[in-house]
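Asks: This one is input_35.csv, CSV, C-alpha atoms and all ligand atoms.
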chain,number,residue,atom,x,y,z
M,11,VAL,CA,0.0,0.0,0.0
M,12,THR,CA,1.3,3.4,-0.9
M,13,PRO,CA,0.7,6.1,1.7
M,14,ARG,CA,-1.5,8.9,0.5
M,15,THR,CA,-0.4,12.4,1.1
M,16,ARG,CA,-2.4,15.5,1.8
M,17,ASP,CA,-2.1,18.0,-1.0
M,18,GLY,CA,0.9,15.9,-2.2
M,19,HIS,CA,2.9,16.8,0.9
M,20,ALA,CA,4.6,14.7,3.6
M,21,LEU,CA,2.9,14.1,6.9
M,22,SER,CA,5.6,12.8,9.2
M,23,LEU,CA,4.3,11.3,12.4
M,24,GLY,CA,6.6,11.3,15.4
M,25,VAL,CA,5.8,9.9,18.9
M,26,ASP,CA,8.1,10.3,21.9
M,27,ILE,CA,7.1,7.4,24.2
M,28,GLY,CA,7.9,8.5,27.8
M,29,GLY,CA,7.5,6.6,31.1
M,30,THR,CA,4.2,8.4,31.9
M,31,LYS,CA,3.3,10.5,28.9
M,32,SER,CA,3.6,10.1,25.1
M,33,HIS,CA,4.0,13.2,23.0
M,34,GLY,CA,3.0,12.9,19.4
M,35,LEU,CA,3.1,15.4,16.5
M,36,VAL,CA,2.9,15.7,12.7
M,37,LEU,CA,5.5,17.6,10.7
M,38,ASP,CA,5.1,18.7,7.2
M,39,ASP,CA,8.0,18.7,4.7
M,40,ALA,CA,9.0,22.3,5.8
M,41,ASP,CA,9.4,20.9,9.4
M,42,ARG,CA,6.3,22.8,10.6
M,43,VAL,CA,4.3,21.2,13.4
M,44,LEU,CA,0.8,20.7,12.0
M,45,ALA,CA,-0.8,19.0,15.0
M,46,GLU,CA,0.4,18.0,18.5
M,47,ARG,CA,-1.1,15.6,21.2
M,48,VAL,CA,0.0,14.4,24.6
M,49,LEU,CA,-1.6,11.2,26.0
M,50,PRO,CA,-0.8,9.0,29.0
M,51,THR,CA,1.5,6.1,28.2
M,52,GLU,CA,0.1,2.6,29.0
M,53,PRO,CA,3.0,0.3,30.0
M,54,SER,CA,3.6,-3.1,28.5
M,55,GLU,CA,3.9,-4.1,24.8
M,56,ALA,CA,0.1,-4.1,24.2
M,57,GLY,CA,-0.2,-0.9,26.1
M,58,ILE,CA,2.4,0.9,24.1
M,59,ARG,CA,0.7,-0.2,20.8
M,60,ARG,CA,-2.6,1.2,22.1
M,61,THR,CA,-0.9,4.4,23.2
M,62,VAL,CA,0.8,5.0,19.8
M,63,LEU,CA,-2.5,4.2,18.0
M,64,ALA,CA,-4.4,6.6,20.2
M,65,VAL,CA,-2.0,9.4,19.6
M,66,ALA,CA,-1.9,8.7,15.9
M,67,GLY,CA,-5.7,8.6,15.7
M,68,ALA,CA,-6.1,11.8,17.6
M,69,LEU,CA,-3.5,13.6,15.4
M,70,ALA,CA,-5.2,12.3,12.2
M,71,ASP,CA,-8.6,13.5,13.5
M,72,ASP,CA,-7.0,17.0,14.2
M,73,LEU,CA,-5.9,17.0,10.5
M,74,GLY,CA,-9.1,15.7,9.1
M,75,THR,CA,-7.5,12.5,7.8
M,76,THR,CA,-6.6,9.0,8.9
M,77,PRO,CA,-3.4,7.3,10.2
M,78,ALA,CA,-3.1,5.7,6.7
M,79,SER,CA,-2.1,9.1,5.3
M,80,PHE,CA,1.0,9.4,7.4
M,81,THR,CA,3.9,9.3,5.0
M,82,SER,CA,6.4,8.2,7.7
M,83,VAL,CA,6.2,7.0,11.3
M,84,GLY,CA,9.0,7.5,13.8
M,85,LEU,CA,9.0,6.5,17.5
M,86,GLY,CA,11.5,7.5,20.3
M,87,ILE,CA,11.6,5.2,23.3
M,88,PRO,CA,13.9,4.8,26.3
M,89,GLY,CA,16.0,1.6,26.4
M,90,VAL,CA,18.4,-0.2,24.1
M,91,VAL,CA,17.0,0.2,20.5
M,92,ASP,CA,18.2,-1.6,17.4
M,93,HIS,CA,17.4,1.2,14.9
M,94,THR,CA,17.8,-1.2,11.9
M,95,SER,CA,15.2,-3.7,13.1
M,96,GLY,CA,13.0,-1.7,15.5
M,97,VAL,CA,13.6,-4.1,18.4
M,98,VAL,CA,13.6,-2.5,21.8
M,99,GLU,CA,15.2,-4.1,24.9
M,100,THR,CA,15.3,-3.2,28.6
M,101,ALA,CA,12.9,-0.3,28.6
M,102,VAL,CA,12.4,-1.0,32.3
M,103,ASN,CA,10.0,1.9,33.1
M,104,LEU,CA,7.7,0.7,30.3
M,105,GLY,CA,7.6,-2.9,31.4
M,106,ILE,CA,9.5,-4.1,28.3
M,107,THR,CA,12.3,-6.6,28.3
M,108,ARG,CA,12.3,-7.2,24.6
M,109,THR,CA,9.8,-6.4,21.9
M,110,ASP,CA,9.9,-5.9,18.1
M,111,LEU,CA,8.1,-2.6,18.2
M,112,ALA,CA,8.4,-1.8,14.5
M,113,ALA,CA,6.8,-5.2,13.6
M,114,LEU,CA,4.2,-4.8,16.3
M,115,LEU,CA,2.9,-1.6,14.7
M,116,SER,CA,3.7,-2.3,11.0
M,117,ARG,CA,0.2,-3.4,10.2
M,118,ASP,CA,-1.4,-0.3,11.8
M,119,PHE,CA,0.3,2.1,9.3
M,120,CYS,CA,0.9,2.2,5.6
M,121,ALA,CA,4.3,3.7,6.1
M,122,ASP,CA,7.3,1.8,7.6
M,123,VAL,CA,7.7,2.3,11.4
M,124,ARG,CA,11.1,3.4,12.5
M,125,VAL,CA,12.3,3.3,16.1
M,126,GLU,CA,15.1,5.0,17.9
M,127,ASN,CA,16.4,5.5,21.4
M,128,ASP,CA,14.8,8.6,22.9
M,129,VAL,CA,18.1,10.4,23.6
M,130,LYS,CA,19.3,9.9,20.0
M,131,ALA,CA,15.9,11.0,18.7
M,132,THR,CA,16.1,14.1,20.9
M,133,ALA,CA,19.5,15.0,19.6
M,134,LEU,CA,18.0,15.0,16.1
M,135,GLY,CA,15.1,17.1,17.2
M,136,ALA,CA,17.4,19.5,19.0
M,137,GLY,CA,19.3,20.0,15.7
M,138,LEU,CA,16.1,21.1,14.0
M,139,ALA,CA,14.8,23.1,16.9
M,140,LEU,CA,18.0,25.1,17.3
M,141,ALA,CA,18.6,25.3,13.6
M,142,GLU,CA,22.0,23.5,14.1
M,143,THR,CA,21.8,21.1,11.2
M,144,GLN,CA,25.1,22.2,9.6
M,145,ARG,CA,27.4,22.1,12.6
M,146,ASP,CA,28.1,19.1,14.9
M,147,LEU,CA,25.8,19.0,18.0
M,148,ALA,CA,26.0,16.9,21.1
M,149,TYR,CA,23.0,16.3,23.3
M,150,VAL,CA,23.8,15.4,26.9
M,151,ASN,CA,20.8,13.9,28.7
M,152,LEU,CA,20.9,14.0,32.5
M,153,GLY,CA,17.7,12.2,33.5
M,154,THR,CA,17.2,8.9,35.3
M,155,GLY,CA,20.4,7.9,33.5
M,156,LEU,CA,23.2,9.7,31.8
M,157,ALA,CA,24.0,9.5,28.1
M,158,ALA,CA,25.0,11.6,25.1
M,159,ALA,CA,24.0,11.6,21.5
M,160,VAL,CA,25.9,13.4,18.7
M,161,VAL,CA,24.6,14.6,15.4
M,162,SER,CA,27.0,15.4,12.6
M,163,ASN,CA,25.8,16.8,9.3
M,164,GLY,CA,22.3,15.9,10.2
M,165,ARG,CA,23.2,12.2,11.0
M,166,LEU,CA,23.6,10.5,14.3
M,167,VAL,CA,27.1,9.4,15.2
M,168,ARG,CA,26.6,5.8,16.2
M,169,GLY,CA,30.0,4.2,16.0
M,170,ALA,CA,30.7,0.6,14.8
M,171,ARG,CA,28.4,-1.0,17.4
M,172,ASN,CA,25.9,1.8,18.1
M,173,GLY,CA,27.6,2.4,21.4
M,174,ALA,CA,28.8,6.0,20.8
M,175,GLY,CA,27.7,8.4,23.6
M,176,GLU,CA,27.3,5.9,26.4
M,177,ILE,CA,29.3,8.2,28.6
M,178,GLY,CA,27.3,7.4,31.7
M,179,HIS,CA,29.3,4.2,32.1
M,180,LEU,CA,32.8,5.8,32.2
M,181,ALA,CA,34.0,4.7,35.6
M,182,ILE,CA,35.8,7.6,37.4
M,183,ASP,CA,35.8,6.4,41.0
M,184,PRO,CA,37.1,2.9,41.9
M,185,ALA,CA,35.7,3.3,45.4
M,186,GLY,CA,32.3,4.6,44.1
M,187,GLU,CA,28.9,3.1,44.1
M,188,LEU,CA,28.2,-0.2,42.2
M,189,CYS,CA,26.6,0.5,38.8
M,190,THR,CA,24.0,-1.7,37.1
M,191,CYS,CA,26.5,-2.2,34.3
M,192,GLY,CA,28.8,-4.1,36.7
M,193,GLN,CA,31.4,-1.4,37.1
M,194,ARG,CA,32.0,0.8,40.2
M,195,GLY,CA,31.9,4.6,40.3
M,196,CYS,CA,30.4,5.2,36.8
M,197,LEU,CA,29.6,8.9,36.0
M,198,GLU,CA,25.9,7.7,36.0
M,199,THR,CA,26.2,6.6,39.7
M,200,VAL,CA,27.1,10.1,40.6
M,201,LEU,CA,24.8,12.0,38.2
M,202,GLY,CA,22.0,9.8,37.1
M,203,GLY,CA,18.6,10.6,38.7
M,204,ASN,CA,18.0,7.0,39.9
M,205,TYR,CA,21.3,6.9,41.9
M,206,LEU,CA,21.4,10.6,42.8
M,207,THR,CA,17.8,10.8,44.2
M,208,ARG,CA,18.3,7.7,46.3
M,209,ARG,CA,21.6,9.0,47.7
M,210,LEU,CA,20.2,12.4,48.5
M,211,VAL,CA,17.1,11.0,50.3
M,212,SER,CA,19.3,8.7,52.4
M,213,LEU,CA,21.3,11.8,53.5
M,214,GLY,CA,18.1,13.8,54.2
M,215,LEU,CA,18.8,16.1,51.2
M,216,ASP,CA,16.8,17.0,48.1
M,217,LEU,CA,17.9,17.8,44.6
M,218,ALA,CA,16.0,21.1,44.0
M,219,GLY,CA,17.2,22.6,47.3
M,220,LEU,CA,20.8,21.2,47.2
M,221,GLY,CA,22.1,24.4,45.5
M,222,GLY,CA,21.4,26.6,48.5
M,223,ASP,CA,21.7,24.1,51.4
M,224,PRO,CA,24.5,25.2,53.8
M,225,ARG,CA,24.9,21.9,55.6
M,226,PRO,CA,28.3,20.1,55.1
M,227,ALA,CA,26.6,16.9,53.7
M,228,ALA,CA,24.9,19.1,51.1
M,229,ALA,CA,28.1,20.9,50.2
M,230,ALA,CA,29.9,17.6,49.7
M,231,GLU,CA,27.2,16.2,47.4
M,232,ARG,CA,26.9,19.5,45.6
M,233,ALA,CA,30.7,19.5,44.9
M,234,ARG,CA,30.6,15.9,43.8
M,235,VAL,CA,27.8,16.5,41.3
M,236,ILE,CA,29.3,19.7,39.9
M,237,ASP,CA,32.7,17.9,39.6
M,238,ALA,CA,31.2,14.9,37.7
M,239,LEU,CA,29.1,17.0,35.4
M,240,THR,CA,32.0,19.3,34.6
M,241,THR,CA,34.1,16.2,33.8
M,242,THR,CA,31.3,14.8,31.6
M,243,LEU,CA,30.9,17.9,29.5
M,244,THR,CA,34.7,18.2,29.1
M,245,LEU,CA,34.7,14.5,28.0
M,246,VAL,CA,32.1,15.1,25.4
M,247,VAL,CA,33.9,18.1,24.0
M,248,ILE,CA,37.3,16.3,23.9
M,249,THR,CA,35.7,13.3,22.3
M,250,TYR,CA,33.5,14.9,19.6
M,251,ASP,CA,34.4,18.6,19.5
M,252,PRO,CA,30.8,19.6,18.8
M,253,ALA,CA,30.0,23.3,18.1
M,254,VAL,CA,27.1,23.1,20.5
M,255,VAL,CA,26.5,21.0,23.6
M,256,VAL,CA,22.8,20.8,24.4
M,257,LEU,CA,21.8,20.0,28.0
M,258,GLY,CA,18.5,18.4,28.9
M,259,GLY,CA,16.8,15.9,31.2
M,260,GLY,CA,14.9,15.8,34.4
M,261,VAL,CA,17.8,16.2,36.8
M,262,LEU,CA,18.9,19.4,35.1
M,263,ARG,CA,15.3,20.7,35.1
M,264,THR,CA,14.9,20.0,38.8
M,265,ALA,CA,18.4,21.3,39.8
M,266,GLY,CA,18.1,24.8,38.4
M,267,TRP,CA,21.3,25.8,40.4
M,268,LEU,CA,23.4,23.2,38.6
M,269,ARG,CA,24.3,24.8,35.3
M,270,PRO,CA,25.6,28.1,36.6
M,271,LEU,CA,27.8,26.3,39.1
M,272,VAL,CA,29.1,23.9,36.5
M,273,GLU,CA,29.9,26.8,34.2
M,274,GLU,CA,31.8,28.4,37.1
M,275,GLU,CA,33.8,25.2,37.6
M,276,LEU,CA,34.5,24.9,33.9
M,277,ARG,CA,35.9,28.4,33.9
M,278,ARG,CA,37.9,27.6,37.1
M,279,ARG,CA,39.5,24.6,35.5
M,280,ALA,CA,40.2,26.6,32.3
M,281,SER,CA,41.9,29.3,34.3
M,282,VAL,CA,44.7,26.9,35.2
M,283,SER,CA,44.9,25.0,31.9
M,284,GLY,CA,45.7,26.5,28.6
M,285,PHE,CA,44.4,23.3,27.0
M,286,LEU,CA,41.0,23.6,28.7
M,287,ALA,CA,40.9,27.3,28.0
M,288,GLY,CA,41.3,26.5,24.3
M,289,LEU,CA,38.5,24.0,24.4
M,290,ALA,CA,36.1,26.7,25.8
M,291,VAL,CA,33.6,24.1,26.9
M,292,ASP,CA,31.3,26.6,28.7
M,293,GLY,CA,30.9,28.7,25.6
M,294,ARG,CA,29.3,25.7,23.8
M,295,LEU,CA,26.6,25.0,26.3
M,296,VAL,CA,22.9,25.5,25.3
M,297,GLU,CA,19.8,24.5,27.2
M,298,LEU,CA,17.3,22.2,25.5
M,299,PRO,CA,14.4,24.4,24.5
M,300,THR,CA,11.5,23.6,26.8
M,301,ALA,CA,8.8,25.4,24.8
M,302,THR,CA,9.5,23.1,21.7
M,303,PRO,CA,8.6,19.4,21.7
M,304,VAL,CA,12.1,18.5,20.7
M,305,ALA,CA,11.9,14.7,21.5
M,306,ALA,CA,8.7,14.3,19.4
M,307,ILE,CA,10.2,16.4,16.5
M,308,GLY,CA,13.2,14.1,16.7
M,309,ALA,CA,11.0,11.0,16.5
M,310,ALA,CA,9.4,12.4,13.4
M,311,VAL,CA,12.8,12.9,11.9
M,312,VAL,CA,13.7,9.3,12.7
M,313,GLY,CA,10.6,8.2,10.8
M,314,ARG,CA,11.8,9.9,7.6
M,315,LYS,CA,15.0,7.9,7.5
M,316,LYS,CA,15.5,5.9,4.3
M,317,LYS,CA,16.2,2.2,4.6
M,318,LEU,CA,19.8,1.5,5.4
M,319,ARG,CA,20.3,-1.2,2.8
M,320,ALA,CA,20.6,-0.5,-0.9
M,321,ARG,CA,21.1,3.2,-0.5
M,322,PRO,CA,23.6,5.1,-2.7
M,323,ALA,CA,26.1,6.7,-0.3
M,324,ALA,CA,25.6,10.3,-1.4
M,325,VAL,CA,21.8,10.3,-1.5
M,326,GLY,CA,19.4,11.4,1.2
M,327,ALA,CA,22.0,12.2,3.9
M,328,ALA,CA,20.5,15.5,4.9
M,329,LEU,CA,18.2,14.5,7.6
M,330,GLU,CA,19.1,10.9,8.3
M,331,GLY,CA,20.4,9.3,11.5
F,1,ZN,ZN,28.0,1.8,34.7
Could I get this file's structure written as structure tokens?
Replies:
Amino acid sequence: VTPRTRDGHALSLGVDIGGTKSHGLVLDDADRVLAERVLPTEPSEAGIRRTVLAVAGALADDLGTTPASFTSVGLGIPGVVDHTSGVVETAVNLGITRTDLAALLSRDFCADVRVENDVKATALGAGLALAETQRDLAYVNLGTGLAAAVVSNGRLVRGARNGAGEIGHLAIDPAGELCTCGQRGCLETVLGGNYLTRRLVSLGLDLAGLGGDPRPAAAAERARVIDALTTTLTLVVITYDPAVVVLGGGVLRTAGWLRPLVEEELRRRASVSGFLAGLAVDGRLVELPTATPVAAIGAAVVGRKKKLRARPAAVGAALEG
């Protein structure tokens, strides 16, 4: 079946499937948002299918059409995603250990369904939202976990095994907390929301108030978090040298005090190192726009990707991942 188009134009559906909410929208071929919907996410494989279909149905209604007219379908979802097959693994918050999400939804749409990890999708969306599609951009997500995704010339930098950007599992402290990955003292055990919130609660502290808390335990935690995030951002810049480093995620939103103090620490480190001064990490930091549905826009961009196989190298590179 060939997807129908409205007035001959593309209708790119993107859905960012979050732990509690799913955010869907439709982009036209000029990247304008034609319709937008947010619905609660139902966990489990069947629940996610129902959620995506509900979002797609509502968006189609808004546009006076049906889901059959979407010319591409892209989904962003937390967890380990094989973008070539659409298989999602270990999306723990969604109650998924392994599911072939693309196959599950393939009969519900005329267009192919493409699936990408939500941090990678958000990096693609940030590129569009910030009009940074020509220069290299890194997105650092500080949410329940810690990971980065890099977009270069409009394409995701994946590496040979799709592992590029898993910076949360760089172990920096041999005496640190045990990480779910098996190592000790990973950056994620210091900065990831799952670990950080638990540690702060056990110390009688809270993330939002940590910035202005005068108690010694708070000062120690604050210093630890600032130090680890400063190191993380320096690592991203040394590794990828992106023009822009976009910061996002729940921990950063809650800890409004964090970014200014990290910038201060970046400048302090640069003041004693000509090398770091040359990197000018603090000058590259940009906050993820909160007024724009960046993750859902990124999901729509994911959907537009051409198939990986049988593609001439020079064709269609502009917006692919
Ligand atoms: Zn780890």
Asks: In terms of the shortest atom-to-atom distance over all atoms listed in the file, which of M:Ser79, M:Thr249, M:Thr199, M:Ser212 is closest to Val160 (chain M)?
Replies: M:Thr249
Asks: Quick one: of M:Val261, M:Leu286, M:Ala181, M:Val312, who's nearest to ligand ZN 1 (chain F), counting only C-alpha atoms and all ligand atoms?
Replies: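 The shortest atom-to-atom distance to ligand ZN 1 (chain F) comes from M:Ala181.
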Asks: Between M:Leu245, M:Ala112, M:Leu239, M:Val129, which has the minimum distance to Leu298 (chain M) (counting only C-alpha atoms)?
Replies: M:Val129
Asks: Could you list the protein, DNA and RNA residues that have any atom within 9 Å of ligand ZN 1 (chain F), counting only C-alpha atoms and all ligand atoms, and write them as an NGL selection string?
Replies: :M and (177-181 or 188-199)
Asks: Smallest atom-to-atom distance to Pro77 (chain M): which of M:Val150, M:Ala301, M:Cys120, M:Ile307, using only C-alpha atoms?
Replies: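 For Pro77 (chain M), the nearest of the given residues is M:Cys120.
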Asks: So how many Å separate CA of Thr76 (chain M) and CA of Ala113 (chain M), to one decimal?
Replies: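 Between CA of Thr76 (chain M) and CA of Ala113 (chain M) the gap is 20.1 Å.
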Asks: Need to verify the contact set: region 83-100 of chain M, 7 Å, only C-alpha atoms, exclusion of same-chain residues closer than 6 positions in sequence. Can you return it as a PyMOL selection string?
Replies: chain M and resi 22-28+106-112+121-128+131+309-313
Asks: Name the closest residue to Leu217 (chain M) among the candidates M:Glu231, M:Glu142, M:Asp41, M:Glu187; distances are taken between atoms, counting all atoms listed in the file.
Replies: M:Glu231
Asks: Tell me which of M:Arg277, M:Lys130, M:Arg263, M:Arg208 sits closest to Leu166 (chain M), counting only C-alpha atoms.
Replies: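 Smallest separation from Leu166 (chain M) among the options: M:Lys130.
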Asks: In the coordinate frame of the file, compute which residues have an atom within 10 Å of (16.2, 13.6, 33.0) when using all atoms listed in the file, and state them as a ChimeraX atom specification.
Replies: /M:150-156,202-204,257-264
Asks: Keeping C-alpha atoms, export the residues of the selection given above as an mmCIF file, in the coordinates of the input.
Replies:
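Written out: out-v2.cif:
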data_model
loop_
_atom_site.group_PDB
_atom_site.id
_atom_site.type_symbol
_atom_site.label_atom_id
_atom_site.label_comp_id
_atom_site.auth_asym_id
_atom_site.auth_seq_id
_atom_site.Cartn_x
_atom_site.Cartn_y
_atom_site.Cartn_z
ATOM 1 C CA VAL M 150 23.800 15.400 26.900
ATOM 2 C CA ASN M 151 20.800 13.900 28.700
ATOM 3 C CA LEU M 152 20.900 14.000 32.500
ATOM 4 C CA GLY M 153 17.700 12.200 33.500
ATOM 5 C CA THR M 154 17.200 8.900 35.300
ATOM 6 C CA GLY M 155 20.400 7.900 33.500
ATOM 7 C CA LEU M 156 23.200 9.700 31.800
ATOM 8 C CA GLY M 202 22.000 9.800 37.100
ATOM 9 C CA GLY M 203 18.600 10.600 38.700
ATOM 10 C CA ASN M 204 18.000 7.000 39.900
ATOM 11 C CA LEU M 257 21.800 20.000 28.000
ATOM 12 C CA GLY M 258 18.500 18.400 28.900
ATOM 13 C CA GLY M 259 16.800 15.900 31.200
ATOM 14 C CA GLY M 260 14.900 15.800 34.400
ATOM 15 C CA VAL M 261 17.800 16.200 36.800
ATOM 16 C CA LEU M 262 18.900 19.400 35.100
ATOM 17 C CA ARG M 263 15.300 20.700 35.100
ATOM 18 C CA THR M 264 14.900 20.000 38.800
#
Asks: Have a look at CA of Gly293 (chain M) and CA of Ala133 (chain M) and let me know their distance in Å, one decimal.
Replies: 18.8 Å
